Protein chains: 2
Amino acid sequence: MPRSVGNETVEQMLSVLGTSSVVTEPSELRAAETATFEIHHRIPMIVRPQTREELQECVRAANRQRIAIYPVSTGKNWGYGSSVPTADQCVLIDLSPMNRILDYDERLGYVTIEPGVTQRQLYRFLQDKGSKLWMDATGSSPDCSIIGNTVERGFGHTLYGDHFANVCGLEVVLPSGELVETGFGGLPGANATRVYRWGAGPSLDGLFSQSNFGIVTRMTVWLMPQPEYFQAYFFQSAEEDSIGAFIEALRPLRMDGTLRSTVHIANDYKVLNAIQQFPWQEQMPLSRETMKRYQKSLKFGRWSGSGGLYGSKGQVAEAARRVKRALGGKASKLQFLDDRRLALAARFTRPYRLLTGLDLSRTLELVRPVYGLLKGIPTEAPMASAYWRKKMPPPASPDPNRDGCGLLWYAPVAPADGASVTTLTGISEDTLLEHGFEPMISLTMITERAVACVISIAYDREVPGEDGKAMACYEELRQRLATRGYYPYRLGVQSMGLLDSNRSRTEFLETLKQALDPNHVLAPGRYLRSEAGDRR
Amino acid sequence: MPRSVGNETVEQMLSVLGTSSVVTEPSELRAAETATFEIHHRIPMIVRPQTREELQECVRAANRQRIAIYPVSTGKNWGYGSSVPTADQCVLIDLSPMNRILDYDERLGYVTIEPGVTQRQLYRFLQDKGSKLWMDATGSSPDCSIIGNTVERGFGHTLYGDHFANVCGLEVVLPSGELVETGFGGLPGANATRVYRWGAGPSLDGLFSQSNFGIVTRMTVWLMPQPEYFQAYFFQSAEEDSIGAFIEALRPLRMDGTLRSTVHIANDYKVLNAIQQFPWQEQMPLSRETMKRYQKSLKFGRWSGSGGLYGSKGQVAEAARRVKRALGGKASKLQFLDDRRLALAARFTRPYRLLTGLDLSRTLELVRPVYGLLKGIPTEAPMASAYWRKKMPPPASPDPNRDGCGLLWYAPVAPADGASVTTLTGISEDTLLEHGFEPMISLTMITERAVACVISIAYDREVPGEDGKAMACYEELRQRLATRGYYPYRLGVQSMGLLDSNRSRTEFLETLKQALDPNHVLAPGRYLRSEAGDRR
């Protein structure tokens with residue numbers, strides 16, 4: 001059972017790491033304790049191991065001292081808790097200095113990376129190598145850790161959008177400080193460690209995702225070959241019930257392999273949130289009627305979607321034909337865009353404005369990041385949406401924690417079934433509006449059969465009372481959705497007890513935890529609340 | 001630590017299950033102890049629970065009695081040990097009576113099944129429903145269990161060829177007798193349990209594949225929608241080094257998604273093995289020179305491959321163009337076949353023979369099962385290959401255990417790299433020939449980046465000394481390949497200690513085993529040899 005951090009702990013960590021890697025400076029600690037919502041978990045110390053060996057020493061020291069440690073890769077877990085631990089008084093282990101790219105294979109399409117490697121870093125690495133491989137990027141900051149996002153089972157936009165399904169060969173520091181490798185890793189000279197996920201014997205990768213059973217210090221990430229041709233498609237509809245129709249129309253294409261990548265569909269609120277900040281001339285929350293006005297004036301739909309087509313010219317043309325046929329009569333607008341048309345549009349923004357009076361460059365500014373994400377190019381653009389209800393404009397270097405942006409994400413999963421998704425979005429929109437928040441919703445057809453729905457509660461933490469209002473809304477949303485059988489794919493640090501109703505599973509996880517981490521030093525309460533709850 | 005089975009164990013099992021489900025009849029026990037190679041693990045009793053609840057009672061009784069139990073689904077683990085347990089004196093738990101198909105969704109494409117459900121049963125079920133969904137079949141007996149094959153991480157031929165990658169929502173009886181469900185399973189009313197693999201929190205599916213941590217009693221298996229159009233392709237080359245060229249040519253198509261299903265490539269020995277039994281007029285083992293004669297007379301290649309193209313007419317035509325371009329100059333023959341051409345060929349076998357003197361029906365007889373497997377149709381045909389060196393012809397109801405067929409399978413994984421695969425097949429062919437066996441090899445491009453290689457050592461167990469010779473060959477093959485970094489995707493019951501060189505991983509697994517199964521009653525030694533070794 002972990003104790004509080006005392007002077008001897010600080011000394012132990014100093015002896016393990018040296019002064020430059022141990023932080024007890026109050027302002028840094030307070031910053032690390034700040035999320036985009038209210039949470040009061042104190043961090044007594046931050047340590048920054050430079051190597052896996054140093055990390056192992058930290059874990060061993062934690063066991064000796066019986067203190068709790070909480071690893072983050074880069075700590076940019078926006079909307080789910082940023083770098084804040086799942087329990088009070090954990091020493092934060094910041095893995096961002098471990099940022100080597102250890103292996104790269106252009107032919108077999110992979111890189112092997114450490115937890116500090118960010119989206120931006122990998123993207124630049126591939127550019128520098130002149131690589132013909134594309135990474136998959138999540139629509140969060142380019143400074144997010146790839147391993148961090150992947151072990152949280154985040155997703156992106158390309159063929160490799162289901163991140164955890166496209167990695168293998170994990171190296172993991174266990175709560176004991178010992179090391180284990182997954183798949184064929186650890187077998188002398190194994191050839192297939194970085195290309196074959198399962199290895200032989202029990203497959204352990206899943207055990208180290210969304211868990212507190214180990215710290216992933218190395219991972220092989222598969223990369224897709226740049227296709228001969230790429231085309232993005234954009235569609236929308238003004239109809240209220242178009243979301244169900246879209247899902248029904250696109251599921252068969254997802255299932256038959258015409259659409260091999262994730263499809264993203266956003267509601268009107270989410271699109272407005274991407275275009276601008278809260279329009280202060282309007283009443284709060286923006287009503288459905290107000291949104292109709294914005295839909296018309298800014299030319300977006302009640303529901304708007306996008307996706308990518310990847311392949312040879314012929315393959316893409318055939319896929320585009322099938323998308324057109326599937327969305328015919330359902331989408332009021334369906335547009336295709338490729339590199340050539342994008343370049344052309346950019347060249348003609350000035351003459352276009354002179355002729356029509358419309359500012360095409362503004363549209364391009366909005367389209368370009370989405371288009372880029374479909375090609376795996378990380379972008380800062382979506383970070384601005386966290387400033388929705390802030391009175392300040394999004395700064396050049398956005399930091400939602402620092403700037404008091406309120407942001408709570410809840411991400412339930414539904415079957416790729418029109419009726420089910422319609423029910424889910426209906427409950428979510430109603431609940432947020434009832435609580436005074438704009439219901440910003442994006443849906444991702446993440447696999448052939450499943451849709452992940454991300455609901456944002458965005459507010460201004462500097463407005464008194466809003467923190468509490470937002471959390472109450474979150475709680476009610478969670479409860480209403482659970483009653484209808486919708487559960488999230490990922491949890492925030494404040495809501496780790498959310499799945500405790502599954503008693504037999506919780507007991508099973510507790511048995512594993514007790515065996516692997518008898519001192520309960522590693523990330524107590526992470527995806528296993530009762531274990532922390534028993535203690536505190 | 002398990003004890004031997006005594007009268008009180010039999011009585012306990014009888015009280016749990018009733019007489020009809022407890023077998024102590026010696027002839028049945030001896031049959032269950034017989035594999036396709038020499039192994040001496042005695043089975044004191046077979047029990048056949050009819051329901052999950054009965055199974056749980058058996059597991060609890062095993063804990064009370066401290067006796068070891070070993071579950072099999074249908075026990076048709078040919079070449080890897082049939083139904084023989086990984087340790088001596090285990091009570092065999094035969095799950096074949098638990099054979100319900102519990103759920104079926106035509107739109108979302110899945111069935112939920114119990115361990116006794118066979119390939120044949122699911123195929124018929126889908127036919128009876130008039131379903132437009134295709135299952136994936138492995139080229140083993142139609143009476144194989146689907147769950148059994150999947151938890152062993154077997155593979156097939158269609159888009160869903162990597163079986164374990166296309167299932168979710170496991171229900172598992174733990175060694176304690178308790179139940180756990182994976183993914184969203186076990187959460188009240190969860191909608192997405194059968195469509196979304198990961199759930200929330202640690203993903204546990206992998207833990208119950210190739211392991212002795214639990215008994216999978218329920219699984220959702222995803223099914224692919226029947227494509228608008230299907231075409232098979234067949235290719236071959238007489239060149240010695242064509243295997244490397246094939247892998248290099250096809251990997252890019254596998255990686256860019258042109259080939260979305262597994263590609264199978266067989267060497268000349270494997271093709272002859274599929275066509276006929278050992279030609280007794282020849283010297284044993286068949287030399288490379290002899291094989292060249294057969295290649296010419298029977299018109300197959302040194303290496304021969306096949307695969308399927310699935311999609312709309314346009315998608316398949318584009319894929320076929322790309323396959324042609326990739327294999328141009330590398331394959332001496334490349335042929336495409338669809339339902340229409342197959343029906344046409346069948347209609348013209350008689351006139352064709354009258355005209356040319358060639359028997360097309362014989363070719364069709366060989367092609368049809370392969371063609372069917374590419375469409376997920378189970379077939380008995382490959383079972384005949386186990387009778388390669390038997391003096392009897394393959395019987396109408398093949399049973400390799402009963403008929404003394406010698407068959408040892410070893411299945412190393414290589415990266416999808418021409419040089420690596422060439423090295424692997426070279427070592428394997430040399431080793432088998434040196435030991436007096438025909439090296440029958442099939443390669444499956446199982447994912448974008450990996451090739452699974454199945455090497456068969458086929459012999460006649462009734463010939464004195466052959467059992468020992470075969471196992472010596474297997475051992476040397478294993479060692480030579482390990483030295484070069486090739487490790488198997490799956491282990492035989494006789495070789496479960498094969499990965500023990502990975503000490504840290506073995507220790508990790510032992511920690512889990514100790515926590516989950518403190519009495520070590522469940523399948524001792526399964527994928528964790530040292531744990532059994534410590535005891536005996």
# chains A, B, ... in the order shown; residues from 1 in each chain; ligands from 1
$ residues_around --residues "stretch 481-493 of chain B" --least-positions-apart "2" --cutoff "7 Å" --atoms "only C-alpha atoms" --output "JSON, numbers by chain"
{"A": [188, 189, 190, 191, 199, 200], "B": [80, 81, 85, 86, 152, 410, 411, 412, 413, 414, 477, 478, 479, 495, 496]}
$ residues_around --residues "A:Ser261" --least-positions-apart "5" --cutoff "12 Å" --atoms "only C-alpha atoms" --output "ChimeraX atom specification"
/A:136,155-163,224,232-233,250-251,253-256,306-311,319,373-376,444-448 /B:257
$ residues_around --residues "B:Met13" --least-positions-apart "5" --cutoff "8 Å" --atoms "only C-alpha atoms" --output "short mmCIF file (atom, residue, chain, number, x, y, z; two decimals) with N, CA and C atoms, in the first residue's frame"
data_model
loop_
_atom_site.label_atom_id
_atom_site.label_comp_id
_atom_site.auth_asym_id
_atom_site.auth_seq_id
_atom_site.Cartn_x
_atom_site.Cartn_y
_atom_site.Cartn_z
N GLY B 18 -23.41 -36.84 -14.36
CA GLY B 18 -24.24 -37.99 -14.73
C GLY B 18 -23.45 -38.97 -15.60
N VAL B 22 -19.56 -39.14 -18.58
CA VAL B 22 -18.27 -39.51 -18.00
C VAL B 22 -17.80 -40.81 -18.65
N VAL B 47 -14.52 -36.35 -19.73
CA VAL B 47 -15.84 -35.85 -19.33
C VAL B 47 -16.36 -34.93 -20.43
N CYS B 58 -17.30 -28.92 -13.28
CA CYS B 58 -16.14 -29.80 -13.49
C CYS B 58 -14.86 -29.12 -13.02
N ALA B 61 -14.77 -29.04 -9.31
CA ALA B 61 -14.46 -30.38 -8.80
C ALA B 61 -12.97 -30.68 -8.96
#
$ select_by_dssp --residues "stretch 232-382 of chain A" --states "strand (DSSP E or B)" --output "list in words"
Ala232, Tyr233, Phe234, Phe235, Gln236, Ser237, Val263, His264, Ile265, Ala266, Asn267, Trp303, Ser304, Gly305, Ser306, Gly307, Gly308, Leu309, Tyr310, Gly311, Lys333, Leu334, Gln335, Phe336 and Leu337 of chain A
$ closest_residue --among "A:Arg449, A:His520, A:Arg107, A:Arg461" --to "B:Arg194" --atoms "only C-alpha atoms"
A:Arg449
$ residues_around --residues "A:Gln50" --least-positions-apart "6" --cutoff "12 Å" --atoms "only C-alpha atoms" --output "JSON, numbers by chain"
{"A": [16, 17, 18, 20, 21, 22, 56, 57, 58, 93, 94, 95, 96, 97, 98, 99, 100, 114, 115, 116, 217]}
$ closest_residue --among "B:Leu516, B:Leu408, B:Ala32, B:Ala266" --to "B:Ser83" --atoms "only C-alpha atoms"
B:Ala32
$ residues_around --residues "A:Gly314" --least-positions-apart "4" --cutoff "9 Å" --atoms "only C-alpha atoms" --output "list in words"
Glu318 and Ala319 of chain A; Gly314, Gln315 and Glu318 of chain B
$ select_by_dssp --residues "stretch 81-195 of chain B" --states "helix (DSSP H, G or I)" --output "VMD selection string"
chain B and resid 119 to 128 146 to 151 163 to 166
$ residues_around --residues "B:Met284" --least-positions-apart "4" --cutoff "9 Å" --atoms "only C-alpha atoms" --output "number ranges by chain"
B: 278, 280, 436-438
$ write_last_selection --atoms "C-alpha atoms" --output "compact mmCIF listing (two decimals), in the first residue's frame"
# COMPACT_ATOMS: atom_id res chain seq x y z
CA PHE B 278 3.69 -41.51 -52.21
CA TRP B 280 5.94 -46.36 -54.41
CA GLY B 436 14.59 -39.12 -45.22
CA PHE B 437 11.32 -37.21 -45.44
CA GLU B 438 9.73 -35.34 -48.32
$ atom_distance --atom1 "atom CA of B:Val72" --atom2 "atom CA of B:Leu92"
7.3 Å
$ residues_around --residues "B:Met440" --least-positions-apart "2" --cutoff "10 Å" --atoms "only C-alpha atoms" --output "PyMOL selection string"
chain B and resi 266-274+409+425+428-429+432+437-438+442+454-458
$ closest_residue --among "A:Ser141, A:Thr363, A:Arg64, A:Gly201" --to "B:Gly525" --atoms "only C-alpha atoms"
A:Gly201
$ closest_atom_pairs --of "stretch 188-292 of chain B" --to "stretch 323-344 of chain B" --cutoff "8 Å" --atoms "only C-alpha atoms" --output "CSV"
residue,atom,partner,partner_atom,distance
B:Phe230,CA,B:Asp338,CA,6.4
B:Gln231,CA,B:Asp338,CA,4.7
B:Ala232,CA,B:Leu337,CA,5.1
B:Tyr233,CA,B:Phe336,CA,4.4
B:Phe234,CA,B:Gln335,CA,5.2
B:Phe235,CA,B:Leu334,CA,4.3
B:Gln236,CA,B:Ala331,CA,5.3
B:Ser237,CA,B:Ala331,CA,5.0
B:Ala238,CA,B:Ser332,CA,7.4
B:Ser242,CA,B:Lys330,CA,6.9
B:Ala245,CA,B:Lys330,CA,6.8
B:Phe246,CA,B:Lys330,CA,7.0
B:Ala249,CA,B:Ala326,CA,5.4
B:Leu250,CA,B:Ala326,CA,6.8
B:Leu253,CA,B:Val323,CA,7.7
$ write_last_selection --atoms "N, CA and C atoms" --output "PDB file, in the first residue's frame"
ATOM      1  N   PHE B 230     -16.272 -12.689 -57.297  1.00  0.00           N
ATOM      2  CA  PHE B 230     -15.100 -13.370 -56.754  1.00  0.00           C
ATOM      3  C   PHE B 230     -14.312 -14.008 -57.882  1.00  0.00           C
ATOM      4  N   GLN B 231     -12.998 -13.882 -57.787  1.00  0.00           N
ATOM      5  CA  GLN B 231     -12.133 -14.523 -58.764  1.00  0.00           C
ATOM      6  C   GLN B 231     -10.934 -15.116 -58.021  1.00  0.00           C
ATOM      7  N   ALA B 232     -10.581 -16.335 -58.374  1.00  0.00           N
ATOM      8  CA  ALA B 232      -9.370 -16.938 -57.807  1.00  0.00           C
ATOM      9  C   ALA B 232      -8.240 -16.775 -58.809  1.00  0.00           C
ATOM     10  N   TYR B 233      -7.034 -16.669 -58.304  1.00  0.00           N
ATOM     11  CA  TYR B 233      -5.889 -16.664 -59.216  1.00  0.00           C
ATOM     12  C   TYR B 233      -4.931 -17.777 -58.801  1.00  0.00           C
ATOM     13  N   PHE B 234      -4.308 -18.369 -59.801  1.00  0.00           N
ATOM     14  CA  PHE B 234      -3.349 -19.451 -59.583  1.00  0.00           C
ATOM     15  C   PHE B 234      -2.094 -19.112 -60.374  1.00  0.00           C
ATOM     16  N   PHE B 235      -0.955 -19.310 -59.764  1.00  0.00           N
ATOM     17  CA  PHE B 235       0.293 -19.008 -60.474  1.00  0.00           C
ATOM     18  C   PHE B 235       1.351 -20.041 -60.117  1.00  0.00           C
ATOM     19  N   GLN B 236       2.350 -20.178 -60.965  1.00  0.00           N
ATOM     20  CA  GLN B 236       3.427 -21.115 -60.656  1.00  0.00           C
ATOM     21  C   GLN B 236       4.691 -20.748 -61.424  1.00  0.00           C
ATOM     22  N   SER B 237       5.786 -21.344 -60.990  1.00  0.00           N
ATOM     23  CA  SER B 237       7.047 -21.164 -61.691  1.00  0.00           C
ATOM     24  C   SER B 237       7.895 -22.404 -61.490  1.00  0.00           C
ATOM     25  N   ALA B 238       8.658 -22.764 -62.532  1.00  0.00           N
ATOM     26  CA  ALA B 238       9.562 -23.915 -62.436  1.00  0.00           C
ATOM     27  C   ALA B 238      10.905 -23.501 -61.825  1.00  0.00           C
ATOM     28  N   SER B 242      12.142 -18.963 -57.458  1.00  0.00           N
ATOM     29  CA  SER B 242      10.932 -18.159 -57.687  1.00  0.00           C
ATOM     30  C   SER B 242      10.228 -17.785 -56.388  1.00  0.00           C
ATOM     31  N   ALA B 245      11.178 -14.349 -55.367  1.00  0.00           N
ATOM     32  CA  ALA B 245      10.617 -13.380 -56.317  1.00  0.00           C
ATOM     33  C   ALA B 245       9.117 -13.204 -56.097  1.00  0.00           C
ATOM     34  N   PHE B 246       8.423 -14.304 -55.832  1.00  0.00           N
ATOM     35  CA  PHE B 246       6.977 -14.217 -55.581  1.00  0.00           C
ATOM     36  C   PHE B 246       6.688 -13.350 -54.356  1.00  0.00           C
ATOM     37  N   ALA B 249       7.299  -9.794 -55.081  1.00  0.00           N
ATOM     38  CA  ALA B 249       6.312  -9.229 -56.011  1.00  0.00           C
ATOM     39  C   ALA B 249       4.968  -9.009 -55.340  1.00  0.00           C
ATOM     40  N   LEU B 250       4.614  -9.901 -54.413  1.00  0.00           N
ATOM     41  CA  LEU B 250       3.265  -9.845 -53.842  1.00  0.00           C
ATOM     42  C   LEU B 250       3.177  -9.017 -52.572  1.00  0.00           C
ATOM     43  N   LEU B 253       1.605  -5.679 -52.989  1.00  0.00           N
ATOM     44  CA  LEU B 253       0.161  -5.757 -53.225  1.00  0.00           C
ATOM     45  C   LEU B 253      -0.590  -6.090 -51.938  1.00  0.00           C
TER      46      LEU B 253
END
$ closest_residue --among "B:Gly418, B:Pro398, B:Gly206, B:Pro464" --to "chain A" --atoms "only C-alpha atoms"
B:Gly206
$ closest_residue --among "A:Ala317, A:Ile243, A:Leu424, A:Leu204" --to "chain B" --atoms "only C-alpha atoms"
A:Leu204
$ atom_distance --atom1 "atom CA of B:Thr9" --atom2 "atom CA of B:Ile67"
8.0 Å
$ decode --residues "stretch 233-281 of chain A" --atoms "C-alpha atoms" --output "PDB file, in the first residue's frame"
ATOM      1  CA  TYR A 233     -14.445  12.856 -50.058  1.00  0.00           C
ATOM      2  CA  PHE A 234     -16.689  15.258 -48.169  1.00  0.00           C
ATOM      3  CA  PHE A 235     -20.430  14.931 -47.789  1.00  0.00           C
ATOM      4  CA  GLN A 236     -23.209  16.575 -45.838  1.00  0.00           C
ATOM      5  CA  SER A 237     -26.937  16.776 -45.353  1.00  0.00           C
ATOM      6  CA  ALA A 238     -29.286  19.310 -43.794  1.00  0.00           C
ATOM      7  CA  GLU A 239     -31.696  16.559 -42.766  1.00  0.00           C
ATOM      8  CA  GLU A 240     -32.142  15.860 -39.068  1.00  0.00           C
ATOM      9  CA  ASP A 241     -32.191  12.098 -39.546  1.00  0.00           C
ATOM     10  CA  SER A 242     -29.368  11.925 -42.074  1.00  0.00           C
ATOM     11  CA  ILE A 243     -26.948  10.448 -39.541  1.00  0.00           C
ATOM     12  CA  GLY A 244     -28.820   7.141 -39.466  1.00  0.00           C
ATOM     13  CA  ALA A 245     -29.018   7.103 -43.257  1.00  0.00           C
ATOM     14  CA  PHE A 246     -25.297   7.844 -43.589  1.00  0.00           C
ATOM     15  CA  ILE A 247     -24.334   5.007 -41.273  1.00  0.00           C
ATOM     16  CA  GLU A 248     -26.637   2.580 -43.080  1.00  0.00           C
ATOM     17  CA  ALA A 249     -25.283   3.685 -46.462  1.00  0.00           C
ATOM     18  CA  LEU A 250     -21.629   3.522 -45.516  1.00  0.00           C
ATOM     19  CA  ARG A 251     -21.537   0.397 -43.354  1.00  0.00           C
ATOM     20  CA  PRO A 252     -21.809  -1.934 -46.373  1.00  0.00           C
ATOM     21  CA  LEU A 253     -18.888  -0.095 -48.005  1.00  0.00           C
ATOM     22  CA  ARG A 254     -16.875  -0.355 -44.815  1.00  0.00           C
ATOM     23  CA  MET A 255     -17.719  -4.055 -44.574  1.00  0.00           C
ATOM     24  CA  ASP A 256     -17.002  -4.923 -48.202  1.00  0.00           C
ATOM     25  CA  GLY A 257     -13.649  -3.129 -48.107  1.00  0.00           C
ATOM     26  CA  THR A 258     -14.527  -0.272 -50.467  1.00  0.00           C
ATOM     27  CA  LEU A 259     -13.853   2.075 -47.548  1.00  0.00           C
ATOM     28  CA  ARG A 260     -10.759   0.747 -45.858  1.00  0.00           C
ATOM     29  CA  SER A 261     -10.220   3.748 -43.610  1.00  0.00           C
ATOM     30  CA  THR A 262     -12.187   5.422 -40.859  1.00  0.00           C
ATOM     31  CA  VAL A 263     -15.059   7.719 -41.855  1.00  0.00           C
ATOM     32  CA  HIS A 264     -15.626  10.780 -39.673  1.00  0.00           C
ATOM     33  CA  ILE A 265     -19.047  12.393 -39.372  1.00  0.00           C
ATOM     34  CA  ALA A 266     -19.625  15.523 -37.301  1.00  0.00           C
ATOM     35  CA  ASN A 267     -22.791  17.226 -36.195  1.00  0.00           C
ATOM     36  CA  ASP A 268     -23.429  20.919 -36.886  1.00  0.00           C
ATOM     37  CA  TYR A 269     -22.176  22.028 -33.464  1.00  0.00           C
ATOM     38  CA  LYS A 270     -18.888  20.237 -33.993  1.00  0.00           C
ATOM     39  CA  VAL A 271     -18.367  21.881 -37.381  1.00  0.00           C
ATOM     40  CA  LEU A 272     -19.089  25.350 -36.006  1.00  0.00           C
ATOM     41  CA  ASN A 273     -16.679  24.563 -33.171  1.00  0.00           C
ATOM     42  CA  ALA A 274     -14.016  23.789 -35.792  1.00  0.00           C
ATOM     43  CA  ILE A 275     -14.703  27.022 -37.712  1.00  0.00           C
ATOM     44  CA  GLN A 276     -14.854  29.609 -34.954  1.00  0.00           C
ATOM     45  CA  GLN A 277     -15.237  30.351 -31.251  1.00  0.00           C
ATOM     46  CA  PHE A 278     -18.575  30.773 -29.550  1.00  0.00           C
ATOM     47  CA  PRO A 279     -20.534  33.571 -31.290  1.00  0.00           C
ATOM     48  CA  TRP A 280     -21.038  35.855 -28.314  1.00  0.00           C
ATOM     49  CA  GLN A 281     -23.919  37.741 -29.918  1.00  0.00           C
TER      50      GLN A 281
END
